[in-house]
Every structure is written in structure tokens, then in C-alpha cells.
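Next comes data.txt, with compact mmCIF, C-alpha atoms and all ligand atoms.
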# COMPACT_ATOMS: atom_id res chain seq x y z
CA MET A 15 0.00 0.00 0.00
CA ARG A 16 1.16 3.56 -0.73
CA LYS A 17 0.04 6.94 0.53
CA CYS A 18 0.31 10.61 -0.36
CA SER A 19 -0.79 13.83 1.25
CA LEU A 20 -3.98 15.43 -0.05
CA ASP A 21 -1.84 18.44 -0.97
CA SER A 22 -0.01 16.37 -3.58
CA LEU A 23 -3.22 15.31 -5.34
CA ASN A 24 -2.94 18.06 -7.91
CA ALA A 25 0.57 16.90 -8.84
CA ILE A 26 -0.73 13.33 -9.15
CA PHE A 27 -3.60 14.39 -11.40
CA THR A 28 -1.15 16.38 -13.53
CA ARG A 29 1.09 13.31 -13.88
CA ILE A 30 -1.78 10.98 -14.80
CA ASN A 31 -3.04 13.51 -17.30
CA GLN A 32 0.33 13.37 -19.09
CA PHE A 33 -0.34 9.83 -20.35
CA ALA A 34 -4.14 9.52 -20.32
CA LYS A 35 -7.26 11.64 -20.17
CA LEU A 36 -8.41 11.84 -16.57
CA TYR A 37 -12.03 12.14 -15.45
CA LEU A 38 -13.24 12.71 -11.91
CA PRO A 39 -16.37 13.93 -10.06
CA VAL A 40 -16.49 17.74 -9.98
CA ASN A 41 -19.22 19.95 -8.54
CA GLY A 42 -21.12 21.91 -11.19
CA ASN A 43 -22.67 25.36 -10.76
CA ASP A 44 -25.80 23.61 -9.46
CA GLY A 45 -23.68 22.04 -6.67
CA LYS A 46 -24.22 18.55 -8.08
CA ALA A 47 -21.31 16.28 -8.90
CA ALA A 48 -20.69 15.08 -12.45
CA TYR A 49 -17.74 13.30 -14.05
CA THR A 50 -15.67 15.95 -15.78
CA GLU A 51 -12.43 15.87 -17.74
CA TRP A 52 -9.72 17.08 -15.41
CA GLN A 53 -7.78 20.26 -16.07
CA GLU A 54 -5.59 22.40 -13.85
CA GLY A 55 -7.68 24.14 -11.20
CA LEU A 56 -10.53 21.60 -11.09
CA GLU A 57 -11.23 20.15 -7.66
CA TRP A 58 -12.39 16.64 -6.84
CA SER A 59 -15.95 16.79 -5.47
CA ASN A 60 -16.69 15.81 -1.89
CA ALA A 61 -20.09 14.43 -2.94
CA LEU A 62 -20.74 10.80 -2.11
CA ASN A 63 -21.85 10.08 -5.64
CA THR A 64 -22.47 11.67 -9.01
CA THR A 65 -26.01 12.34 -10.24
CA LYS A 66 -25.38 10.33 -13.40
CA SER A 67 -23.37 7.16 -13.03
CA PRO A 68 -20.01 6.56 -14.75
CA LYS A 69 -21.75 4.10 -17.09
CA ASP A 70 -21.36 6.68 -19.89
CA PHE A 71 -17.63 6.00 -20.09
CA PHE A 72 -18.29 2.55 -21.52
CA PHE A 73 -21.90 2.79 -22.71
CA PRO A 74 -22.50 6.43 -23.71
CA GLN A 75 -25.99 7.89 -23.83
CA THR A 76 -25.73 8.23 -27.62
CA GLU A 77 -23.13 6.92 -30.06
CA ASP A 78 -22.79 6.43 -33.79
CA LEU A 79 -22.65 2.80 -34.87
CA MET A 80 -22.08 3.16 -38.61
CA ALA A 81 -22.98 5.32 -41.59
CA PHE A 82 -24.35 4.69 -45.08
CA ARG A 83 -23.87 6.49 -48.38
CA THR A 84 -26.06 5.66 -51.32
CA SER A 85 -25.32 6.09 -54.97
CA GLY A 86 -28.06 4.83 -57.29
CA LYS A 87 -28.76 1.28 -56.14
CA ASN A 88 -25.42 0.96 -54.35
CA ILE A 89 -25.09 1.33 -50.60
CA GLU A 90 -21.69 1.99 -49.08
CA ILE A 91 -21.36 1.04 -45.41
CA ILE A 92 -18.93 3.24 -43.49
CA ASP A 93 -17.34 1.97 -40.27
CA THR A 94 -17.45 4.95 -37.91
CA ARG A 95 -15.64 3.17 -35.04
CA LYS A 96 -12.47 4.70 -33.70
CA GLU A 97 -9.97 2.99 -31.41
CA SER A 98 -10.42 4.46 -27.92
CA GLU A 99 -7.52 6.21 -26.25
CA ASP A 100 -6.45 5.23 -22.74
CA PHE A 101 -8.38 7.06 -20.06
CA VAL A 102 -8.55 7.03 -16.27
CA VAL A 103 -11.70 7.44 -14.20
CA PHE A 104 -10.92 8.53 -10.65
CA GLY A 105 -13.30 8.50 -7.69
CA VAL A 106 -15.65 5.66 -8.65
CA ARG A 107 -17.61 4.28 -5.70
CA ALA A 108 -17.81 0.56 -4.90
CA CYS A 109 -21.40 0.24 -6.18
CA ASP A 110 -20.55 1.82 -9.53
CA VAL A 111 -17.45 -0.36 -9.93
CA LYS A 112 -19.70 -3.40 -9.49
CA SER A 113 -22.10 -2.02 -12.10
CA PHE A 114 -19.38 -2.46 -14.74
CA GLU A 115 -19.47 -6.20 -14.02
CA VAL A 116 -23.24 -6.16 -14.59
CA LEU A 117 -22.73 -4.40 -17.93
CA ASP A 118 -19.86 -6.74 -18.90
CA ASN A 119 -22.19 -9.71 -18.51
CA VAL A 120 -24.45 -8.15 -21.12
CA PHE A 121 -22.08 -6.53 -23.60
CA LEU A 122 -19.12 -8.92 -23.53
CA LYS A 123 -21.13 -12.12 -23.97
CA GLU A 124 -22.24 -13.22 -27.44
CA PRO A 125 -23.24 -11.19 -29.35
CA TYR A 126 -20.06 -9.40 -28.33
CA ASP A 127 -20.34 -5.58 -28.37
CA SER A 128 -17.08 -4.29 -29.86
CA TYR A 129 -18.00 -0.64 -29.16
CA TYR A 130 -18.34 -1.29 -25.43
CA ALA A 131 -15.38 -3.72 -25.32
CA ASN A 132 -13.04 -1.20 -26.90
CA ARG A 133 -13.76 1.34 -24.18
CA ARG A 134 -13.48 -1.25 -21.40
CA GLU A 135 -10.03 -2.22 -22.68
CA HIS A 136 -8.82 1.37 -22.48
CA GLY A 137 -10.43 2.55 -19.22
CA ILE A 138 -8.54 2.38 -15.92
CA ILE A 139 -10.78 2.60 -12.86
CA ILE A 140 -9.60 4.19 -9.62
CA SER A 141 -12.22 3.57 -6.96
CA VAL A 142 -12.65 5.41 -3.66
CA ALA A 143 -14.06 4.03 -0.40
CA CYS A 144 -17.24 5.72 0.89
CA THR A 145 -16.36 7.45 4.13
CA ARG A 146 -19.90 8.78 4.57
CA PRO A 147 -22.48 6.41 3.03
CA ALA A 148 -25.93 8.01 2.66
CA ASP A 149 -29.38 7.00 3.89
CA THR A 150 -30.23 5.86 0.36
CA CYS A 151 -27.27 3.43 0.15
CA PHE A 152 -27.83 -0.34 0.27
CA CYS A 153 -24.93 -1.84 -1.67
CA LYS A 154 -24.34 -4.38 1.11
CA THR A 155 -27.68 -5.97 0.20
CA PHE A 156 -25.94 -7.12 -2.98
CA GLY A 157 -22.70 -8.19 -1.31
CA ILE A 158 -20.76 -5.02 -2.17
CA ASP A 159 -18.37 -3.61 0.41
CA PRO A 160 -18.12 0.20 0.27
CA ALA A 161 -15.04 0.00 2.52
CA LYS A 162 -13.23 -2.22 0.00
CA PRO A 163 -14.04 -0.81 -3.43
CA GLN A 164 -12.63 -2.75 -6.38
CA GLY A 165 -11.40 -1.48 -9.76
CA ASP A 166 -7.81 -1.29 -10.99
CA ILE A 167 -6.79 0.78 -7.96
CA SER A 168 -8.59 1.30 -4.63
CA VAL A 169 -8.16 4.56 -2.76
CA TRP A 170 -9.07 5.53 0.81
CA LYS A 171 -9.28 9.19 1.79
CA THR A 172 -8.56 10.29 5.36
CA ALA A 173 -8.46 13.85 6.73
CA ASN A 174 -5.04 14.63 5.25
CA GLU A 175 -4.00 11.66 3.16
CA LEU A 176 -4.91 9.31 0.38
CA TYR A 177 -4.05 5.60 0.51
CA TRP A 178 -3.57 3.70 -2.75
CA GLN A 179 -3.68 -0.02 -3.44
CA SER A 180 -3.44 -1.64 -6.88
CA ASN A 181 -5.70 -4.60 -7.68
CA THR A 182 -4.69 -5.32 -11.29
CA ASP A 183 -1.58 -5.16 -13.49
CA ARG A 184 -2.95 -1.99 -15.08
CA GLY A 185 -3.42 -0.47 -11.66
CA ALA A 186 0.10 -1.43 -10.60
CA ALA A 187 1.53 0.12 -13.78
CA LEU A 188 -0.29 3.37 -13.02
CA LEU A 189 0.92 3.40 -9.43
CA ASP A 190 4.49 2.95 -10.73
CA LYS A 191 4.05 6.13 -12.75
CA ILE A 192 3.24 8.13 -9.62
CA ALA A 193 5.65 6.27 -7.32
CA ASP A 194 7.81 9.35 -6.68
CA LEU A 195 4.69 11.24 -5.49
CA THR A 196 3.62 8.54 -3.03
CA GLU A 197 5.37 6.52 -0.33
CA GLU A 198 5.16 2.98 1.02
CA CYS A 199 2.97 2.73 4.14
CA GLY A 200 1.17 0.37 6.50
CA THR A 201 -2.55 -0.46 6.39
CA GLU A 202 -3.55 0.70 9.90
CA ALA A 203 -5.30 3.94 8.85
CA VAL A 204 -7.24 2.14 6.12
CA GLU A 205 -8.32 -0.65 8.48
CA GLU A 206 -9.53 1.92 10.99
CA GLN A 207 -11.54 3.68 8.30
CA GLN A 208 -13.01 0.40 7.11
CA GLN A 209 -14.30 -0.30 10.61
CA GLN A 210 -15.86 3.17 10.76
CA ILE A 211 -17.56 2.68 7.38
CA ASN A 212 -18.99 -0.66 8.48
CA LYS A 213 -20.37 0.94 11.65
CA ILE A 214 -22.11 3.64 9.60
CA MET A 215 -23.48 1.08 7.14
CA ALA A 216 -24.99 -0.96 9.98
CA LYS A 217 -27.04 2.09 11.10
CA LEU A 218 -28.43 3.11 7.69
CA PRO A 219 -32.19 2.85 7.13
CA LEU A 220 -31.75 0.09 4.52
CA ALA A 221 -29.10 -1.85 6.44
CA ASN A 222 -31.40 -4.84 6.85
CA LEU A 223 -32.80 -4.92 3.33
CA THR A 224 -32.30 -8.39 1.91
CA THR A 225 -32.88 -10.09 -1.43
CA ASP A 226 -35.04 -12.72 0.28
CA GLY A 227 -37.93 -13.70 -1.94
CA TRP A 228 -36.14 -12.57 -5.10
CA GLY A 229 -33.72 -14.23 -7.51
CA ALA A 230 -33.53 -16.87 -10.21
CA GLY A 231 -36.56 -19.11 -10.57
CA LYS A 232 -39.06 -16.71 -8.99
CA THR A 233 -40.91 -15.68 -12.15
CA GLN A 234 -44.00 -17.81 -11.59
CA GLU A 235 -44.28 -16.80 -7.95
CA LEU A 236 -43.81 -13.05 -8.47
CA PHE A 237 -45.10 -12.21 -11.94
CA ASP A 238 -48.78 -12.03 -10.96
CA HIS A 239 -48.25 -10.67 -7.46
CA PRO A 240 -51.24 -8.43 -6.57
CA LYS A 241 -48.99 -5.64 -5.23
CA TRP A 242 -47.63 -4.70 -8.70
CA ALA A 243 -50.81 -2.73 -9.43
CA GLU A 244 -50.61 -0.71 -6.23
CA LEU A 245 -46.85 -0.05 -6.49
CA SER A 246 -47.02 1.06 -10.12
CA GLU A 247 -50.20 3.11 -9.84
CA ALA A 248 -48.51 6.52 -9.51
CA CYS A 249 -45.55 5.79 -11.81
CA LEU A 250 -45.28 8.60 -14.37
CA GLY A 251 -43.28 6.54 -16.85
CA CYS A 252 -40.71 9.33 -16.89
CA GLY A 253 -37.75 6.93 -17.14
CA THR A 254 -35.64 8.93 -14.67
CA CYS A 255 -34.91 5.79 -12.64
CA THR A 256 -33.52 4.03 -15.70
CA PHE A 257 -31.41 6.97 -16.88
CA VAL A 258 -29.64 7.48 -13.54
CA CYS A 259 -29.20 3.73 -13.00
CA PRO A 260 -25.65 2.45 -13.50
CA THR A 261 -26.83 -1.01 -14.55
CA CYS A 262 -29.70 -0.25 -16.97
CA GLN A 263 -28.48 -1.20 -20.40
CA CYS A 264 -31.45 -0.96 -22.80
CA TYR A 265 -30.96 1.04 -25.97
CA ASP A 266 -32.70 1.88 -29.21
CA ILE A 267 -31.11 2.02 -32.68
CA LYS A 268 -32.17 4.75 -35.09
CA ASP A 269 -31.14 6.12 -38.48
CA PHE A 270 -30.63 9.84 -39.05
CA ASN A 271 -30.28 11.43 -42.48
CA SER A 272 -27.63 14.09 -42.06
CA GLY A 273 -28.13 15.36 -45.62
CA LYS A 274 -24.75 13.91 -46.61
CA GLY A 275 -25.65 10.35 -45.78
CA VAL A 276 -27.39 8.27 -43.17
CA ILE A 277 -25.93 7.77 -39.70
CA ARG A 278 -27.07 4.82 -37.64
CA PHE A 279 -26.79 5.54 -33.92
CA ARG A 280 -27.90 4.04 -30.67
CA CYS A 281 -29.23 5.84 -27.62
CA TRP A 282 -30.36 4.79 -24.18
CA ASP A 283 -33.97 3.69 -24.00
CA SER A 284 -36.18 2.91 -21.03
CA CYS A 285 -38.45 -0.04 -20.29
CA MET A 286 -40.65 2.51 -18.50
CA TYR A 287 -41.58 4.20 -21.81
CA SER A 288 -44.81 3.28 -23.59
CA ASP A 289 -43.06 2.89 -26.98
CA PHE A 290 -40.24 0.72 -25.65
CA THR A 291 -39.67 -2.34 -27.90
CA LYS A 292 -42.73 -1.36 -29.92
CA MET A 293 -43.06 -3.53 -33.03
CA SER A 294 -45.25 -3.49 -36.11
CA ALA A 295 -47.63 -5.78 -34.23
CA GLY A 296 -47.89 -3.25 -31.41
CA GLN A 297 -46.58 -2.65 -27.93
CA PRO A 298 -45.71 -5.82 -25.97
CA ARG A 299 -46.45 -4.17 -22.59
CA LEU A 300 -49.66 -2.20 -22.84
CA THR A 301 -49.93 -0.78 -19.33
CA GLN A 302 -47.58 1.07 -16.99
CA LYS A 303 -48.02 -1.76 -14.52
CA GLU A 304 -46.48 -4.19 -17.01
CA ARG A 305 -43.64 -1.82 -17.81
CA PHE A 306 -42.95 -1.11 -14.15
CA ARG A 307 -42.96 -4.84 -13.37
CA GLN A 308 -40.55 -5.49 -16.20
CA ARG A 309 -37.94 -3.12 -14.73
CA PHE A 310 -37.89 -4.80 -11.35
CA MET A 311 -38.38 -8.38 -12.53
CA HIS A 312 -35.43 -7.89 -14.87
CA LYS A 313 -33.13 -6.59 -12.14
CA LEU A 314 -34.17 -9.06 -9.48
CA VAL A 315 -35.30 -12.22 -11.28
CA TYR A 316 -34.50 -12.44 -15.02
CA TYR A 317 -30.95 -11.09 -14.84
CA PRO A 318 -29.98 -13.41 -11.95
CA GLU A 319 -31.48 -16.28 -13.92
CA ASN A 320 -29.11 -15.60 -16.81
CA ASN A 321 -26.06 -14.62 -14.75
CA ASN A 322 -25.48 -17.25 -12.08
CA GLY A 323 -27.65 -15.56 -9.49
CA MET A 324 -26.06 -12.12 -9.75
CA PHE A 325 -28.58 -9.27 -9.32
CA SER A 326 -28.51 -6.26 -11.62
CA CYS A 327 -28.98 -3.66 -8.91
CA VAL A 328 -25.92 -2.45 -7.00
CA GLY A 329 -27.77 -0.46 -4.32
CA CYS A 330 -26.37 2.91 -5.39
CA GLY A 331 -29.56 4.67 -4.25
CA ARG A 332 -29.84 6.97 -7.27
CA CYS A 333 -33.37 5.88 -8.11
CA LEU A 334 -34.35 6.41 -4.47
CA ALA A 335 -33.11 9.99 -4.62
CA LYS A 336 -34.45 10.89 -8.06
CA CYS A 337 -37.89 9.35 -8.59
CA PRO A 338 -40.46 12.19 -8.58
CA ILE A 339 -43.03 10.00 -6.83
CA SER A 340 -40.60 8.45 -4.35
CA MET A 341 -41.04 4.97 -5.75
CA ASN A 342 -37.95 2.79 -5.91
CA ILE A 343 -36.45 -0.68 -5.98
CA ALA A 344 -36.03 -0.87 -2.19
CA LYS A 345 -39.79 -0.33 -1.70
CA VAL A 346 -40.54 -2.94 -4.35
CA MET A 347 -38.16 -5.44 -2.75
CA LYS A 348 -39.73 -4.96 0.66
CA THR A 349 -43.33 -5.06 -0.53
CA ILE A 350 -43.19 -7.97 -2.96
CA GLY A 351 -40.20 -9.96 -1.80
CA GLY A 352 -42.25 -12.26 0.36
CA LYS A 353 -41.69 -10.58 3.69
CA ASP A 354 -41.19 -7.12 5.07
CA ASN A 355 -37.44 -7.06 5.59
CA ASP A 356 -37.46 -3.56 7.02
S1 LIG A 401 -32.05 0.12 -9.45
FE1 LIG A 401 -31.71 2.05 -8.31
S2 LIG A 401 -30.42 1.48 -6.56
FE2 LIG A 401 -30.31 -0.23 -8.04
S3 LIG A 401 -28.48 0.21 -9.28
FE3 LIG A 401 -30.25 1.12 -10.37
S4 LIG A 401 -30.38 3.27 -9.65
FE4 LIG A 401 -29.02 2.14 -8.22
S1 LIG A 402 -38.52 7.55 -11.84
FE1 LIG A 402 -40.34 6.92 -10.65
S2 LIG A 402 -42.08 7.82 -11.79
FE2 LIG A 402 -40.32 7.87 -13.18
S3 LIG A 402 -40.49 5.93 -14.35
FE3 LIG A 402 -39.14 5.51 -12.58
S4 LIG A 402 -40.55 4.68 -10.98
FE4 LIG A 402 -41.84 5.71 -12.54
Mind converting the file's structure to C-alpha cells?
Amino acid sequence: MRKCSLDSLNAIFTRINQFAKLYLPVNGNDGKAAYTEWQEGLEWSNALNTTKSPKDFFFPQTEDLMAFRTSGKNIEIIDTRKESEDFVVFGVRACDVKSFEVLDNVFLKEPYDSYYANRREHGIIISVACTRPADTCFCKTFGIDPAKPQGDISVWKTANELYWQSNTDRGAALLDKIADLTEECGTEAVEEQQQQINKIMAKLPLANLTTDGWGAGKTQELFDHPKWAELSEACLGCGTCTFVCPTCQCYDIKDFNSGKGVIRFRCWDSCMYSDFTKMSAGQPRLTQKERFRQRFMHKLVYYPENNNGMFSCVGCGRCLAKCPISMNIAKVMKTIGGKDND
């Protein structure tokens, strides 16, 4: 393990930025944190988490897939892909690091998504332990430890210092590049902080939320549960929960005529929208209840079924903070999961 003083952080960011683009959470004018490309003078946000997740680094909200040019009856297909450059994302929380694993299970299985894979190969993740988890956090429900965040490098921040530990070869190579700005150290301060974090986690309102009643093989039991109607009744179908969610991975593909040719692009979509997966035969889920159910059944039943029991929620709490009607996955888990695990 290595450490540096907080005062040397700017020098470290400058060094990293010499070999790769560096992104980190920065407070905007609205006081909310968003991942921003680092430049001299920018300060790392103290916020627990960003409003939008770091999913965009690997699965951007919109991206061109290919282009077409026509000439008479001929169609020329243009490959618009570009090899990504190396980049570093600093300050990713444990829940968001885990969300990359959820996305990998979707995009790196057959059919393999070369657009996503290319970015994953070039992105180095530096995670940061959560010294002050919020009331909306419940990552522990899904086996995630906010005191031991993963990624290529894990970082712990104390009052005056940062502690660095590499977890992968890429992380070790990066730490080598900043070796003269850090020094070898023991693990005592980190262990003390980990104990503090665990104490805070144990007192949070959702500390006892469990996945009991959910998981692979529960479709028959849960699909027609009478509580879906009541839970979904006020849902506005705004899709906010899906857009802030680090693990939602649905997208639409559209063609756009730029005047000089046609560009085929993809953009995030939401299972909460009434035209989601609409086909010539019509809409497969006619009511908001069905769409609402789909979101939670996918995260808590269908995804685990296809991914060795792994859930596709990481307990980041963004949907708890952002839903305009205060509906969220924790309420759904408690209400339908078979017992009130409050
Ligand atoms: S469902 Fe909600 S709590 Fe779970 S990962 Fe998505 S935004 Fe976070
Ligand atoms: S954010 Fe809330 S109201 Fe909007 S679609 Fe999601 S559950 Fe429904």
C-alpha cells in the first residue's frame, strides 16, 4: 500500500493527465457532482456520488454505430468506429465499480459488443471508499463492500492523506508512474476507516434490506403478485430511474439522415416508456403496470437467472433519490419480496 498527502493530489492528477485523459467527479454550478475531464484548477468533489453514473464511459448515452452512403442502387457502409484512447476514471464508488461487471455480462457475452469492449479495454478505474455512506445506500444488500471498493486501484481518503492499493496489473503500472509522489505505508489507517464505514453502514435505514424472496426461478411466484398494481399506480413513466441507474443497459437504434448520408446511432432507452420495444404488431407491454414490473423483474429475477444468481442492482440509491413520486427498488423489494425485511 502507498500513501500521499492530499496536498499532492494536484501533482498526481497532472502526472496521470500526461499519459491519459483523466475524469473525476467535480461539482457543477448547481452544486451537483458530475464526471468531468480534469484540467488544472478543477477540484475533486466531496459528494458521495455523481447524479449520473459513470456508465457513460463505456456505454455512452448516444453513439454512432455506422454510416451509409447511397449512390443509385449501391449502398456503401462506413465503419465509424475509432480505437479508444487510454483514459482514467478517478473517484468511482464501490457500487458503480460493481455495475461495470453487470454491464460486462451483457455486452461482452455473445453477441459481443465491440463498441463497449473497446472502451473497457482502455479505461482504468480508480475507486474510492465511501467514508460517509448516505441514507439511500444499500450496496451491502448485494454483497458489495463500500469500505473495499474494487477497480484497478482502490483509494481511501482520510483527513489529510490518500491511501492507494493496486488490484490489477494496469493499476500497478499506473501506481508505478506516480511512485515518486507517493510513499510505502502500512494499512492501519485504512483498516480503521473500514471499521468506521462498516459501523455507519450498519445504522443506515436500509441496512437490513435483503434479497429474500427474489432471484432466479421466482418468475411464476412473483409475476402475478397483486402488489404490482398498487406499487405502479402513480408511476409517471418518466424513465428517470432508468437513466440514472448504473446497470440499466437498454438502448434503441435509429437512423438519421444528415443530408450527406445516413448515420445509424444508438441511444439509451427505457423499459418505462410506452413505446419501448414497440413492433409493427404493437406494444408488448400495454400498461404502466407491465412496464414497471418489467424493470424490477429484470433486475431481481430475469438477470440473476441468466447470470449465475447475480442481481442487476448495486444499491447505489440513485433511483431512491431521483424518482419524482418516491417509488424505488427498495420499496418494491420490501413489498413484494415475500416478507417485510425492514
Ligand atoms: S435500481 Fe436504483 S439502486 Fe439499483 S443500481 Fe439502479 S439506480 Fe441504483
Ligand atoms: S422515476 Fe419513478 S415515476 Fe419515473 S419511471 Fe421511474 S418509478 Fe416511474
| Near-ligand residues for ligand LIG 402 (chain A), threshold 7 Å, only C-alpha atoms and all ligand atoms, as a ChimeraX atom specification | /A:248-256,286,333,336-342
| Residue nearest A:Arg307 - candidates A:Arg16, A:His239, A:Lys154, A:Lys162, atoms counted: all atoms listed in the file |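 When distances to A:Arg307 are compared using all atoms listed in the file, the smallest one comes from A:His239.
Across the structure, atom CA of A:Leu38 and atom CA of A:Gln263 are spaced 22.3 Å apart.
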| field | Length of the atom CA of A:Ile343 to atom CA of A:Gly227 vector [Å] | value |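 The value is 13.7 Å.
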What's around A:Lys96 at 10 Å? Count only C-alpha atoms, leave out sequence neighbours fewer than 3 positions away in its own chain, and write the answer as a short mmCIF file (atom, residue, chain, number, x, y, z; two decimals) with C-alpha atoms, in the coordinates of the input.
data_model
loop_
_atom_site.label_atom_id
_atom_site.label_comp_id
_atom_site.auth_asym_id
_atom_site.auth_seq_id
_atom_site.Cartn_x
_atom_site.Cartn_y
_atom_site.Cartn_z
CA ASP A 93 -17.34 1.97 -40.27
CA GLU A 99 -7.52 6.21 -26.25
CA TYR A 129 -18.00 -0.64 -29.16
CA ASN A 132 -13.04 -1.20 -26.90
#
| task | Find the spatial neighbours of stretch 280-283 of chain A, counting only C-alpha atoms, within a cut-off of 9 Å - ignore same-chain residues fewer than 5 positions away - and output them as a list in words. | result | Phe73, Pro74, Gln75, Thr76, Glu77, Asp78, Leu79, Gly253, Thr256, Phe257, Cys262, Gln263, Cys264, Tyr265, Asp266, Ile267, Lys268, Asp269 and Phe290 of chain A
| task | Write out as a PyMOL selection string each polymer residue (protein, DNA or RNA) that has an atom no more than 8 Å from ligand LIG 401 (chain A), with all atoms listed in the file counted. | result | chain A and resi 109+113+151-152+255-256+258-262+310+313+326-334+342-344
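With distances taken over all atoms listed in the file, A:Leu245 is the one residue among A:Ala203, A:Met324, A:Leu314, A:Leu245 lying closest to A:Gln302.
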| field | Surrounding residues of A:Glu304 excluding itself and chain neighbours under 3 positions, 10 Å, all atoms listed in the file, as an NGL selection string | value | :A and (237 or 242-243 or 246 or 285-286 or 298-301 or 307-309)
| message | Can you measure atom CA of A:Trp178 to atom CA of A:Phe104 for me? One decimal in Å is fine. | response | 11.8 Å
| Which polymer residues, protein or nucleic acid, are no farther than 12 Å from (-29.8, -12.8, -13.6), counting all atoms listed in the file, as JSON, numbers by chain? | {"A": [116, 117, 119, 120, 228, 229, 230, 231, 232, 233, 310, 311, 312, 313, 314, 315, 316, 317, 318, 319, 320, 321, 322, 323, 324, 325, 326, 327]}
| request: Tell me, as an NGL selection string, which residues lie within 8 Å of A:Lys171, counting all atoms listed in the file; anything in the same chain fewer than 2 positions away does not count. | output: :A and (142-143 or 145 or 169 or 173-177)
| request: Compile the contact shell of stretch 186-192 of chain A as a list of chain:residue names: residues with an atom at most 8 Å away, counting only C-alpha atoms, same-chain residues fewer than 5 positions apart removed. | output: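 Contacts, in chain order: A:Ile26, A:Arg29, A:Ile30, A:Asp166, A:Ile167, A:Ser180, A:Asn181.
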| query | Of the residues A:Ala34, A:Ala335, A:Leu223, A:Gly296, which is the one nearest to A:Asn63, using only C-alpha atoms? | reply |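 Under the stated criterion, the closest residue is A:Ala335.
You can rank A:Ile89, A:Asp21, A:Pro147, A:Arg83 by their closest distance to A:Glu57 using all atoms listed in the file, and at the top of that list sits A:Asp21.
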| said: When you count all atoms listed in the file, which of these residues is closest to A:Ile140: A:Asp110, A:Glu115, A:Glu124, A:Asp238? | reply: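 Of A:Asp110, A:Glu115, A:Glu124, A:Asp238, the one nearest A:Ile140, counting all atoms listed in the file, is A:Asp110.
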| message | Within 10 Å of (-10.0, 2.1, -19.5) (file coordinates; all atoms listed in the file), which protein or nucleic acid residues are there? I'd like them as a PyMOL selection string. | response | chain A and resi 34-35+71-72+98-103+131-139+166+184
Only C-alpha atoms, please: the residues just picked out, written as an mmCIF file, keeping the file's coordinate frame.
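What ended up in part.cif:
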data_model
loop_
_atom_site.group_PDB
_atom_site.id
_atom_site.type_symbol
_atom_site.label_atom_id
_atom_site.label_comp_id
_atom_site.auth_asym_id
_atom_site.auth_seq_id
_atom_site.Cartn_x
_atom_site.Cartn_y
_atom_site.Cartn_z
ATOM 1 C CA ALA A 34 -4.140 9.520 -20.320
ATOM 2 C CA LYS A 35 -7.260 11.640 -20.170
ATOM 3 C CA PHE A 71 -17.630 6.000 -20.090
ATOM 4 C CA PHE A 72 -18.290 2.550 -21.520
ATOM 5 C CA SER A 98 -10.420 4.460 -27.920
ATOM 6 C CA GLU A 99 -7.520 6.210 -26.250
ATOM 7 C CA ASP A 100 -6.450 5.230 -22.740
ATOM 8 C CA PHE A 101 -8.380 7.060 -20.060
ATOM 9 C CA VAL A 102 -8.550 7.030 -16.270
ATOM 10 C CA VAL A 103 -11.700 7.440 -14.200
ATOM 11 C CA ALA A 131 -15.380 -3.720 -25.320
ATOM 12 C CA ASN A 132 -13.040 -1.200 -26.900
ATOM 13 C CA ARG A 133 -13.760 1.340 -24.180
ATOM 14 C CA ARG A 134 -13.480 -1.250 -21.400
ATOM 15 C CA GLU A 135 -10.030 -2.220 -22.680
ATOM 16 C CA HIS A 136 -8.820 1.370 -22.480
ATOM 17 C CA GLY A 137 -10.430 2.550 -19.220
ATOM 18 C CA ILE A 138 -8.540 2.380 -15.920
ATOM 19 C CA ILE A 139 -10.780 2.600 -12.860
ATOM 20 C CA ASP A 166 -7.810 -1.290 -10.990
ATOM 21 C CA ARG A 184 -2.950 -1.990 -15.080
#
Could you complete stretch 45-59 of chain A so that it carries N, CA and C atoms, and give it back as a PDB file, in the frame of the given file?
ATOM      1  N   GLY A  45     -24.120  22.711  -7.900  1.00  0.00           N
ATOM      2  CA  GLY A  45     -23.680  22.040  -6.670  1.00  0.00           C
ATOM      3  C   GLY A  45     -23.706  20.529  -6.772  1.00  0.00           C
ATOM      4  N   LYS A  46     -24.147  20.008  -7.936  1.00  0.00           N
ATOM      5  CA  LYS A  46     -24.220  18.550  -8.080  1.00  0.00           C
ATOM      6  C   LYS A  46     -22.965  18.031  -8.774  1.00  0.00           C
ATOM      7  N   ALA A  47     -22.558  16.842  -8.364  1.00  0.00           N
ATOM      8  CA  ALA A  47     -21.310  16.280  -8.900  1.00  0.00           C
ATOM      9  C   ALA A  47     -21.550  15.556 -10.217  1.00  0.00           C
ATOM     10  N   ALA A  48     -20.631  15.786 -11.159  1.00  0.00           N
ATOM     11  CA  ALA A  48     -20.690  15.080 -12.450  1.00  0.00           C
ATOM     12  C   ALA A  48     -19.263  14.767 -12.872  1.00  0.00           C
ATOM     13  N   TYR A  49     -19.075  13.624 -13.537  1.00  0.00           N
ATOM     14  CA  TYR A  49     -17.740  13.300 -14.050  1.00  0.00           C
ATOM     15  C   TYR A  49     -17.347  14.318 -15.109  1.00  0.00           C
ATOM     16  N   THR A  50     -16.148  14.848 -14.947  1.00  0.00           N
ATOM     17  CA  THR A  50     -15.670  15.950 -15.780  1.00  0.00           C
ATOM     18  C   THR A  50     -14.224  15.667 -16.155  1.00  0.00           C
ATOM     19  N   GLU A  51     -13.826  16.045 -17.365  1.00  0.00           N
ATOM     20  CA  GLU A  51     -12.430  15.870 -17.740  1.00  0.00           C
ATOM     21  C   GLU A  51     -11.571  16.820 -16.922  1.00  0.00           C
ATOM     22  N   TRP A  52     -10.536  16.271 -16.306  1.00  0.00           N
ATOM     23  CA  TRP A  52      -9.720  17.080 -15.410  1.00  0.00           C
ATOM     24  C   TRP A  52      -8.875  18.103 -16.171  1.00  0.00           C
ATOM     25  N   GLN A  53      -8.748  19.269 -15.597  1.00  0.00           N
ATOM     26  CA  GLN A  53      -7.780  20.260 -16.070  1.00  0.00           C
ATOM     27  C   GLN A  53      -7.318  21.045 -14.851  1.00  0.00           C
ATOM     28  N   GLU A  54      -6.192  21.659 -14.976  1.00  0.00           N
ATOM     29  CA  GLU A  54      -5.590  22.400 -13.850  1.00  0.00           C
ATOM     30  C   GLU A  54      -6.648  23.305 -13.209  1.00  0.00           C
ATOM     31  N   GLY A  55      -6.742  23.258 -11.903  1.00  0.00           N
ATOM     32  CA  GLY A  55      -7.680  24.140 -11.200  1.00  0.00           C
ATOM     33  C   GLY A  55      -8.974  23.443 -10.803  1.00  0.00           C
ATOM     34  N   LEU A  56      -9.287  22.305 -11.449  1.00  0.00           N
ATOM     35  CA  LEU A  56     -10.530  21.600 -11.090  1.00  0.00           C
ATOM     36  C   LEU A  56     -10.335  20.813  -9.802  1.00  0.00           C
ATOM     37  N   GLU A  57     -11.343  20.851  -8.935  1.00  0.00           N
ATOM     38  CA  GLU A  57     -11.230  20.150  -7.660  1.00  0.00           C
ATOM     39  C   GLU A  57     -12.124  18.937  -7.598  1.00  0.00           C
ATOM     40  N   TRP A  58     -11.635  17.881  -7.045  1.00  0.00           N
ATOM     41  CA  TRP A  58     -12.390  16.640  -6.840  1.00  0.00           C
ATOM     42  C   TRP A  58     -13.559  16.924  -5.887  1.00  0.00           C
ATOM     43  N   SER A  59     -14.756  16.534  -6.274  1.00  0.00           N
ATOM     44  CA  SER A  59     -15.950  16.790  -5.470  1.00  0.00           C
ATOM     45  C   SER A  59     -15.956  15.958  -4.188  1.00  0.00           C
TER      46      SER A  59
END
